[in-house]
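Undergrad: Take a look at this one; I'll ask things after.
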Amino acid sequence: MGAHHPPSSHGARGTLTTPAAPVTGDPGHGPAGGQSPDGLQAGLKNRHLSMIAIGGVIGAGLFVGSGAGIAAAGPGILLSYMLTGLLVVLVMRMLGEMAAASPASGSFSAYADRALGRWAGFTIGWLYWFFWSVVLAVEATAAGAILTGWVPAVPQWAWALLVMVVLTGTNLVSVGSFGEFEFWFAGVKVVAIVVFLVIGALAIFGLPPGDHAVGLSNLTGEGGFLPNGPGAILSGMLLVVFSFMGSEIVTLAAGESPNPVQAVRKAVNSVIWRIALFYIGSIAVIVTLLPWHDEEVLKSPYVAVLKSLDIPYAGTVMDIVVLTAVLSCLNSGLYTASRMAFSLGERGDAPKSFATVNKGGVPAVAIWASVAFGFIATIFSYTSKDTVFQFLLNSSGAVALFVWLVICFSQLRMRRTLERETPERLTVRMWLYPWLTYATIGLIVFVVGYMFYDPNGRKQMVLSVVAAVVVLAVGLLLERRRIRRQ
């Protein structure tokens, strides 16, 4: 079969013409393992998508980074997680509405392209690709650090290189091999969180492994529920908001499944309990069982809880779980970056070669391009950690907020078009449209404004805005050249 370039699915601006993906409730891409009209292999099974949806919200940031949020807001970090979780639920509902109506490999970038204009799809697509390519370096470096701790004879960079090579290989073989790896990675994360919740709940009520009921002393008796004041809730939001990046991956992956519409509907409907259980539930256990200012909580909150309950080998067990979370994030990050690059190539916003697929039905060129940037960023994480790599981190830091804003504005426009032209496609509907969409936009804008105000978030926001302006300028320049040639 070989690599080929599928026909463009760009369509006219403002329309919902999508030859690249069917939009009915019937099986969208034919039998499992068949090929979709855009050339991608429909090799993801329902169990793959279910676990990608569940595990997609559990990143390494939850296991490690949550300590910084607890230190900033105290027990009030629960409110930070609830507000951010609410934001994600609303944004995912909007994205689900569009994805169920018109599954596409570029997800929100493709919808922004149709609803807002080519400039929007180009800008948010490349920013999203940039974000996940930088994440590859972050996760590879983190995996290397954990593995070097276990096997000091092998240098950290060698471990980082090894995990990048292995996961690049699995992504290149087939989308099914990506799905299988992600199924088991996500499975380990889910089991770990569920076991942690059960152990924590038993301990809170004084059952083994606990020895007495804890009560509310850690929630209210260590400086109060908001020891650093109400403003710390927003500061906490800035620290946790990026932990939720990845919830949208299932809408990209759905296009490579036998029934994308059903997959999107299930993922969107389950996002509420996933966030409530995995994030809010586990953080509630931590701040109830231990004082928020405990130094061990800042370092590694989950290990701190397990050690306090005398669970043997707690540190080693959590290292394994964190390594799994890191590998999962690297695996899905490479998949996500490559599919966004594929979509950009398909729409003429990236080199045409990005939209070619190999014999296994995967976009090999897009994968190589994404991993190449990831390799370069990984090298910088060792050679220029406090300069170039820090710049890459900061300039991609606010991309999540930009993505969510674009999803909101795209949904406002696409909903009107859908209701007018093809209302039967609205199998998933945003609640209280358009008022809840406007309220979500307001909340995101407020968080963006607070990032400019907050000293810790200002640098990230400024550099992210600069990156967005540069990408937008390049997009407008290319569009002008394209128009001149016509």
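Chain labels run A, B, ... following the order of the structure tokens; each chain numbers its residues from 1, and ligands are numbered from 1 in the order shown.
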What's around region 413-418 of chain A at 9 Å? Count only C-alpha atoms, leave out sequence neighbours fewer than 6 positions away in its own chain, and write the answer as a PyMOL selection string.
TA: chain A and resi 14-16+97-98+101+111+114-116+424-426+429+433
Undergrad: For N, CA, C and O atoms, I'd like the residues from the last selection saved as a tab-separated table (two decimals), in the first residue's frame.
TA:
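See result_23.tsv below for the written result:
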```
chain	number	residue	atom	x	y	z
A	14	GLY	N	-16.69	27.99	7.70
A	14	GLY	CA	-18.03	28.17	8.25
A	14	GLY	C	-18.95	27.01	7.96
A	14	GLY	O	-20.08	26.97	8.43
A	15	THR	N	-18.53	26.03	7.16
A	15	THR	CA	-19.38	24.87	6.89
A	15	THR	C	-18.90	23.70	7.72
A	15	THR	O	-17.88	23.76	8.38
A	16	LEU	N	-19.67	22.63	7.65
A	16	LEU	CA	-19.29	21.44	8.42
A	16	LEU	C	-18.97	20.28	7.49
A	16	LEU	O	-19.14	19.13	7.84
A	97	GLU	N	-19.52	17.93	22.11
A	97	GLU	CA	-20.61	18.29	21.20
A	97	GLU	C	-20.11	18.37	19.76
A	97	GLU	O	-20.73	17.83	18.83
A	98	MET	N	-18.96	19.03	19.58
A	98	MET	CA	-18.41	19.19	18.23
A	98	MET	C	-17.84	17.88	17.70
A	98	MET	O	-18.01	17.54	16.53
A	101	ALA	N	-20.52	15.42	16.65
A	101	ALA	CA	-21.16	15.86	15.42
A	101	ALA	C	-20.26	15.66	14.21
A	101	ALA	O	-20.73	15.40	13.10
A	111	TYR	N	-11.92	22.17	14.26
A	111	TYR	CA	-13.17	22.89	14.50
A	111	TYR	C	-12.95	24.40	14.51
A	111	TYR	O	-13.76	25.17	14.00
A	114	ARG	N	-12.75	25.64	10.96
A	114	ARG	CA	-14.04	25.81	10.28
A	114	ARG	C	-14.88	26.93	10.88
A	114	ARG	O	-15.53	27.68	10.19
A	115	ALA	N	-14.87	27.02	12.22
A	115	ALA	CA	-15.77	27.94	12.90
A	115	ALA	C	-15.23	29.37	12.96
A	115	ALA	O	-16.00	30.34	12.83
A	116	LEU	N	-13.93	29.51	13.18
A	116	LEU	CA	-13.36	30.84	13.42
A	116	LEU	C	-12.50	31.33	12.25
A	116	LEU	O	-12.31	32.53	12.09
A	424	GLU	N	-29.64	16.95	13.44
A	424	GLU	CA	-29.60	15.54	13.84
A	424	GLU	C	-28.22	15.12	14.32
A	424	GLU	O	-28.07	14.08	14.97
A	425	ARG	N	-27.18	15.91	14.02
A	425	ARG	CA	-25.83	15.57	14.47
A	425	ARG	C	-25.59	15.92	15.94
A	425	ARG	O	-24.59	15.51	16.52
A	426	LEU	N	-26.47	16.69	16.52
A	426	LEU	CA	-26.28	17.12	17.91
A	426	LEU	C	-26.68	16.02	18.87
A	426	LEU	O	-27.68	16.13	19.59
A	429	ARG	N	-25.02	17.57	23.64
A	429	ARG	CA	-25.33	19.00	23.67
A	429	ARG	C	-24.72	19.68	24.89
A	429	ARG	O	-24.76	19.13	25.99
A	433	TYR	N	-26.85	26.14	26.78
A	433	TYR	CA	-26.26	26.92	25.70
A	433	TYR	C	-27.14	28.14	25.42
A	433	TYR	O	-28.36	28.03	25.40
```
Undergrad: With distances taken over only C-alpha atoms, which of A:Tyr450, A:Trp368, A:Phe130, A:Phe225 is nearest to Val165 (chain A)?
TA: A:Trp368
Undergrad: With distances taken over only C-alpha atoms, which residue among A:Phe185, A:Phe178, A:Phe342, A:Trp157 lies nearest Leu40 (chain A)?
TA: A:Phe342
Undergrad: Would you mind listing, for every residue of region 80-186 of chain A within 8 Å of region 230-249 of chain A, the two atoms forming the shortest contact and the distance between them in Å to one decimal, using only C-alpha atoms, sorted by chain and ascending residue number, as JSON lines?
TA:
```
{"residue": "A:Ser80", "atom": "CA", "partner": "A:Met237", "partner_atom": "CA", "distance": 4.9}
{"residue": "A:Tyr81", "atom": "CA", "partner": "A:Met237", "partner_atom": "CA", "distance": 6.8}
{"residue": "A:Leu83", "atom": "CA", "partner": "A:Met237", "partner_atom": "CA", "distance": 7.7}
{"residue": "A:Thr84", "atom": "CA", "partner": "A:Val241", "partner_atom": "CA", "distance": 6.0}
{"residue": "A:Gly85", "atom": "CA", "partner": "A:Phe244", "partner_atom": "CA", "distance": 7.9}
{"residue": "A:Val88", "atom": "CA", "partner": "A:Phe244", "partner_atom": "CA", "distance": 7.3}
{"residue": "A:Met92", "atom": "CA", "partner": "A:Glu248", "partner_atom": "CA", "distance": 6.9}
{"residue": "A:Leu95", "atom": "CA", "partner": "A:Glu248", "partner_atom": "CA", "distance": 7.9}
```
Undergrad: Please measure the separation of CA of Ile444 (chain A) and CA of Val89 (chain A), giving the value in Å to one decimal.
TA: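 CA of Val89 (chain A) lies at a distance of 13.0 Å from CA of Ile444 (chain A).
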Undergrad: To one decimal place in Å, what is the distance between CA of Val305 (chain A) and CA of Gly149 (chain A)?
TA: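 Computing the Euclidean distance for CA of Val305 (chain A) and CA of Gly149 (chain A) yields 21.7 Å.
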Undergrad: Smallest atom-to-atom distance to Pro434 (chain A): which of A:Met94, A:Ile286, A:Leu62, A:Val371, using only C-alpha atoms?
TA: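 Looking only at the distances to Pro434 (chain A), the closest residue turns out to be A:Met94.
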Undergrad: Using only C-alpha atoms, which residues sit within 9 Å of Ser395 (chain A) once same-chain residues fewer than 6 positions away are excluded, as a list of chain:residue names?
TA: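 Residues meeting the cut-off are A:Phe131, A:Lys459, A:Gln460, A:Met461, A:Val462, A:Leu463, A:Ser464, A:Val465, A:Val466, A:Ala467, A:Ala468.
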Undergrad: For each of A:Asp113, A:Val138, A:Asn171, A:Leu44, take the minimum atom-to-atom distance to Gly348 (chain A), counting only C-alpha atoms, then give the residue where this is smallest.
TA: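 Of the candidates, the smallest distance to Gly348 (chain A) is held by A:Asp113.
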Undergrad: Running DSSP on the backbone, which parts of region 213-246 of chain A land in alpha helix (DSSP H), as a VMD selection string?
TA: chain A and resid 217 to 220 231 to 240
Undergrad: For each of A:Ser133, A:Asn394, A:Thr251, A:Thr437, take the minimum atom-to-atom distance to Pro103 (chain A), counting only C-alpha atoms, then give the residue where this is smallest.
TA: A:Thr251
Undergrad: What is the CA of Gly475 (chain A) to CA of Val134 (chain A) distance in Å?
TA: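 It comes out at 20.7 Å.
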Undergrad: When distances are computed from only C-alpha atoms, which of A:Ile367, A:Leu172, A:Ala377, A:Ala68 shows the smallest separation from Ala140 (chain A)?
TA: A:Ala377
Undergrad: Which neighbours of Ile58 (chain A) fall inside 10 Å, counting only C-alpha atoms, when residues of the same chain fewer than 2 positions from it are skipped, and could you give them as a PyMOL selection string?
TA: chain A and resi 52-56+60-63+186+189-190+193+243-247+274-275+278-279+325+328-329
Undergrad: Tell me which protein, DNA and RNA residues are within 12 Å of Ala253 (chain A), counting only C-alpha atoms, leaving out same-chain ones fewer than 6 positions away, and put them as a short mmCIF file (atom, residue, chain, number, x, y, z; two decimals) with N, CA, C and O atoms, in the first residue's frame.
TA:
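The result, written out as selection28.cif:
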```cif
data_model
loop_
_atom_site.label_atom_id
_atom_site.label_comp_id
_atom_site.auth_asym_id
_atom_site.auth_seq_id
_atom_site.Cartn_x
_atom_site.Cartn_y
_atom_site.Cartn_z
N LEU A 40 -5.88 7.11 8.07
CA LEU A 40 -5.49 6.59 9.37
C LEU A 40 -6.18 5.25 9.63
O LEU A 40 -7.31 5.03 9.21
N GLN A 41 -5.49 4.38 10.34
CA GLN A 41 -6.02 3.06 10.63
C GLN A 41 -6.99 3.11 11.80
O GLN A 41 -6.67 3.68 12.84
N ALA A 42 -8.16 2.53 11.63
CA ALA A 42 -9.14 2.50 12.73
C ALA A 42 -8.83 1.30 13.61
O ALA A 42 -9.60 0.34 13.68
N GLY A 43 -7.70 1.36 14.30
CA GLY A 43 -7.21 0.21 15.05
C GLY A 43 -7.39 0.28 16.55
O GLY A 43 -6.91 -0.60 17.27
N LEU A 44 -8.02 1.33 17.06
CA LEU A 44 -8.23 1.44 18.50
C LEU A 44 -9.53 0.74 18.90
O LEU A 44 -10.60 1.05 18.35
N LYS A 45 -9.43 -0.18 19.84
CA LYS A 45 -10.61 -0.91 20.31
C LYS A 45 -11.33 -0.10 21.38
O LYS A 45 -10.78 0.85 21.94
N ASN A 46 -12.53 -0.52 21.69
CA ASN A 46 -13.32 0.19 22.70
C ASN A 46 -12.62 0.21 24.06
O ASN A 46 -12.65 1.21 24.77
N HIS A 48 -9.43 0.19 24.57
CA HIS A 48 -8.34 1.17 24.47
C HIS A 48 -8.87 2.57 24.75
O HIS A 48 -8.31 3.31 25.56
N LEU A 49 -9.96 2.92 24.05
CA LEU A 49 -10.51 4.28 24.19
C LEU A 49 -11.03 4.52 25.60
O LEU A 49 -10.89 5.62 26.14
N SER A 50 -11.65 3.51 26.17
CA SER A 50 -12.18 3.67 27.54
C SER A 50 -11.05 3.97 28.52
O SER A 50 -11.16 4.87 29.36
N MET A 51 -9.93 3.24 28.38
CA MET A 51 -8.82 3.45 29.31
C MET A 51 -8.07 4.74 28.99
O MET A 51 -7.57 5.41 29.90
N ILE A 52 -7.99 5.12 27.71
CA ILE A 52 -7.39 6.40 27.35
C ILE A 52 -8.20 7.54 27.96
O ILE A 52 -7.64 8.51 28.47
N ALA A 53 -9.52 7.41 27.92
CA ALA A 53 -10.39 8.43 28.49
C ALA A 53 -10.23 8.52 30.01
O ALA A 53 -10.14 9.61 30.58
N GLY A 56 -6.41 9.37 30.81
CA GLY A 56 -5.95 10.64 30.25
C GLY A 56 -5.95 11.78 31.25
O GLY A 56 -5.20 12.75 31.08
N ALA A 99 -17.15 17.12 18.58
CA ALA A 99 -16.51 15.88 18.15
C ALA A 99 -17.53 14.80 17.80
O ALA A 99 -17.33 14.02 16.87
N PRO A 103 -16.43 13.92 13.96
CA PRO A 103 -15.12 13.42 14.41
C PRO A 103 -14.03 13.82 13.42
O PRO A 103 -14.21 13.73 12.22
N ALA A 104 -12.89 14.28 13.95
CA ALA A 104 -11.78 14.70 13.09
C ALA A 104 -10.47 14.44 13.80
O ALA A 104 -10.38 14.59 15.02
N SER A 105 -9.43 14.08 13.05
CA SER A 105 -8.14 13.78 13.65
C SER A 105 -7.52 15.00 14.32
O SER A 105 -6.72 14.87 15.24
N GLY A 106 -7.89 16.21 13.88
CA GLY A 106 -7.34 17.43 14.47
C GLY A 106 -8.19 18.00 15.58
O GLY A 106 -7.83 19.02 16.17
N SER A 107 -9.33 17.35 15.88
CA SER A 107 -10.21 17.76 16.97
C SER A 107 -10.43 19.27 16.99
O SER A 107 -10.84 19.86 15.98
N VAL A 175 -1.50 2.08 15.29
CA VAL A 175 -2.22 2.77 16.35
C VAL A 175 -2.69 1.78 17.41
O VAL A 175 -2.85 2.12 18.59
N GLY A 176 -2.85 0.51 16.99
CA GLY A 176 -3.24 -0.52 17.95
C GLY A 176 -2.17 -0.77 18.99
O GLY A 176 -2.48 -1.00 20.16
N PHE A 178 0.04 1.48 20.01
CA PHE A 178 -0.06 2.63 20.92
C PHE A 178 -1.18 2.40 21.92
O PHE A 178 -1.01 2.60 23.13
N GLY A 179 -2.34 1.99 21.41
CA GLY A 179 -3.50 1.78 22.28
C GLY A 179 -3.26 0.72 23.33
O GLY A 179 -3.69 0.85 24.47
N GLU A 182 -0.94 2.09 26.00
CA GLU A 182 -1.65 3.07 26.80
C GLU A 182 -2.69 2.41 27.70
O GLU A 182 -2.95 2.86 28.82
N GLY A 246 -4.81 16.94 28.68
CA GLY A 246 -4.79 15.53 28.29
C GLY A 246 -6.19 14.95 28.27
O GLY A 246 -6.44 13.91 27.64
N SER A 247 -7.13 15.63 28.93
CA SER A 247 -8.52 15.17 28.92
C SER A 247 -9.07 15.11 27.50
O SER A 247 -9.94 14.29 27.19
N ASN A 259 -16.13 3.20 16.07
CA ASN A 259 -17.32 4.01 16.27
C ASN A 259 -16.96 5.28 17.03
O ASN A 259 -17.11 5.35 18.26
N PRO A 260 -16.46 6.30 16.34
CA PRO A 260 -15.99 7.51 17.01
C PRO A 260 -17.07 8.27 17.77
O PRO A 260 -16.81 8.79 18.84
N VAL A 261 -18.28 8.30 17.24
CA VAL A 261 -19.35 9.07 17.89
C VAL A 261 -19.67 8.47 19.26
O VAL A 261 -19.79 9.19 20.26
N ALA A 263 -17.74 6.59 21.08
CA ALA A 263 -16.57 6.74 21.96
C ALA A 263 -16.53 8.13 22.58
O ALA A 263 -16.27 8.29 23.78
N VAL A 264 -16.79 9.15 21.78
CA VAL A 264 -16.79 10.53 22.28
C VAL A 264 -17.90 10.72 23.31
O VAL A 264 -17.69 11.31 24.37
N ALA A 267 -16.94 9.13 26.62
CA ALA A 267 -15.86 9.86 27.29
C ALA A 267 -16.37 11.15 27.92
O ALA A 267 -16.01 11.49 29.06
N SER A 332 1.24 8.98 25.09
CA SER A 332 0.07 9.69 24.57
C SER A 332 0.46 11.06 24.01
O SER A 332 -0.17 11.55 23.08
N GLY A 333 1.51 11.68 24.57
CA GLY A 333 1.98 12.96 24.07
C GLY A 333 2.51 12.85 22.65
O GLY A 333 2.24 13.70 21.79
N TYR A 335 1.69 10.48 20.52
CA TYR A 335 0.51 10.20 19.69
C TYR A 335 -0.24 11.49 19.37
O TYR A 335 -0.58 11.77 18.21
N THR A 336 -0.49 12.29 20.41
CA THR A 336 -1.28 13.51 20.24
C THR A 336 -0.58 14.52 19.34
O THR A 336 -1.20 15.11 18.44
N ALA A 337 0.71 14.73 19.57
CA ALA A 337 1.47 15.68 18.75
C ALA A 337 1.46 15.25 17.29
O ALA A 337 1.27 16.07 16.38
N SER A 338 1.65 13.96 17.05
CA SER A 338 1.71 13.47 15.66
C SER A 338 0.36 13.59 14.96
O SER A 338 0.30 13.94 13.78
N ARG A 339 -0.74 13.34 15.68
CA ARG A 339 -2.06 13.45 15.05
C ARG A 339 -2.42 14.91 14.77
O ARG A 339 -3.09 15.21 13.79
N MET A 340 -1.96 15.81 15.63
CA MET A 340 -2.21 17.22 15.35
C MET A 340 -1.38 17.65 14.14
O MET A 340 -1.88 18.39 13.28
#
```
